[in-house]
Each structure stands twice: as C-alpha cells, then as structure tokens.
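Chemist: Following this line is start.tsv, made up of TSV, C-alpha atoms:
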chain	number	residue	atom	x	y	z
A	29	MET	CA	-30.71	-16.33	43.80
A	30	SER	CA	-33.13	-13.46	43.35
A	31	ASP	CA	-30.91	-10.81	44.99
A	32	ILE	CA	-27.93	-11.70	42.80
A	33	PRO	CA	-27.56	-9.66	39.59
A	34	PRO	CA	-28.65	-11.65	36.49
A	35	LYS	CA	-25.13	-11.68	35.04
A	36	PHE	CA	-23.85	-13.56	38.10
A	37	GLN	CA	-26.89	-15.85	38.20
A	38	ALA	CA	-26.10	-16.89	34.63
A	39	ARG	CA	-22.44	-17.58	35.45
A	40	ILE	CA	-23.36	-19.71	38.47
A	41	LYS	CA	-25.96	-21.63	36.43
A	42	GLU	CA	-23.45	-22.22	33.63
A	43	ALA	CA	-20.84	-23.51	36.10
A	44	LYS	CA	-23.39	-25.90	37.59
A	45	GLU	CA	-24.74	-27.21	34.28
A	46	GLN	CA	-21.36	-27.59	32.59
A	47	GLY	CA	-19.42	-28.80	35.63
A	48	LEU	CA	-16.93	-25.97	35.31
A	49	THR	CA	-14.01	-26.04	37.73
A	50	GLU	CA	-13.56	-22.25	37.71
A	51	LEU	CA	-16.06	-19.47	38.36
A	52	ASP	CA	-15.31	-15.81	37.67
A	53	LEU	CA	-17.60	-13.45	39.58
A	54	SER	CA	-15.64	-10.32	38.77
A	55	SER	CA	-17.29	-7.57	36.78
A	56	ASP	CA	-16.50	-4.18	35.31
A	57	ASP	CA	-20.08	-3.20	34.59
A	58	TYR	CA	-21.99	-4.46	37.66
A	59	PRO	CA	-21.61	-3.53	41.31
A	60	LEU	CA	-19.21	-5.77	43.18
A	61	LEU	CA	-20.67	-8.57	45.24
A	62	ASN	CA	-20.27	-7.93	48.96
A	63	SER	CA	-20.58	-11.62	49.82
A	64	ILE	CA	-20.24	-14.97	48.12
A	65	PRO	CA	-23.66	-16.20	46.94
A	66	ILE	CA	-24.75	-19.34	48.83
A	67	GLU	CA	-25.27	-21.10	45.49
A	68	VAL	CA	-21.51	-21.07	44.91
A	69	PHE	CA	-21.02	-23.42	47.86
A	70	GLU	CA	-23.25	-25.96	46.10
A	71	LEU	CA	-20.74	-26.22	43.24
A	72	GLU	CA	-18.66	-29.10	44.56
A	73	GLN	CA	-16.47	-29.19	41.44
A	74	LEU	CA	-14.90	-25.82	42.19
Here is a file; write its structure as structure tokens.

Modeler:
Amino acid sequence: MSDIPPKFQARIKEAKEQGLTELDLSSDDYPLLNSIPIEVFELEQL
C-alpha cells in the first residue's frame, strides 16, 4: 500500500477493520487514482 496516498490507505484500512460495505475513493484534494488498489479486492464485504 506504500504507493497509495495516505488518505486512501486510511479509508481502505477503515473499511477492512469495520467491515464497511461501501468504500469511497473519490477526492477533491488528492490526485485521482489511476487504478484500483489491489487491497480493495481483498475487501470481500464490498
């Protein structure tokens, strides 16, 4: 996860720890992601 901006790392971690069924990776103050982080595919509850 080291090449993912910290803001997105925190959102992915929160989704994993809390079992969230939604994950918002949009952002107005960070560059857009150009690919889906591999860690997102580990979140089976999404």

Chemist: Write out as a list in words which residues come within 12 Å of Gln37 in chain A when counting only C-alpha atoms, dropping same-chain ones fewer than 4 positions away.

Modeler: Met29, Ser30, Asp31, Ile32, Pro33, Lys41, Glu42, Ala43, Lys44, Leu51, Asp52, Leu53, Leu61, Ile64, Pro65, Ile66, Glu67 and Val68 of chain A

Chemist: Quick one: write out the picked residues with C-alpha atoms as a compact mmCIF listing (two decimals), keeping the file's coordinate frame?

Modeler:
# COMPACT_ATOMS: atom_id res chain seq x y z
CA MET A 29 -30.71 -16.33 43.80
CA SER A 30 -33.13 -13.46 43.35
CA ASP A 31 -30.91 -10.81 44.99
CA ILE A 32 -27.93 -11.70 42.80
CA PRO A 33 -27.56 -9.66 39.59
CA LYS A 41 -25.96 -21.63 36.43
CA GLU A 42 -23.45 -22.22 33.63
CA ALA A 43 -20.84 -23.51 36.10
CA LYS A 44 -23.39 -25.90 37.59
CA LEU A 51 -16.06 -19.47 38.36
CA ASP A 52 -15.31 -15.81 37.67
CA LEU A 53 -17.60 -13.45 39.58
CA LEU A 61 -20.67 -8.57 45.24
CA ILE A 64 -20.24 -14.97 48.12
CA PRO A 65 -23.66 -16.20 46.94
CA ILE A 66 -24.75 -19.34 48.83
CA GLU A 67 -25.27 -21.10 45.49
CA VAL A 68 -21.51 -21.07 44.91

Chemist: Between A:Pro34, A:Leu48, A:Pro59, A:Ser54, which is the closest to Leu71 in chain A once you count all atoms listed in the file?

Modeler: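 Answer, going by the shortest atom-to-atom distance: A:Leu48.
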
Chemist: Report, in Å to a single decimal, how far apart CA of Leu60 in chain A and CA of Lys35 in chain A are.

Modeler: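 Computing the Euclidean distance for CA of Lys35 in chain A and CA of Leu60 in chain A yields 11.7 Å.
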
Chemist: Could you check how far CA of Glu70 in chain A sits from CA of Asp56 in chain A, in Å to one decimal?

Modeler: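 Distance reported for this atom pair: 25.2 Å.
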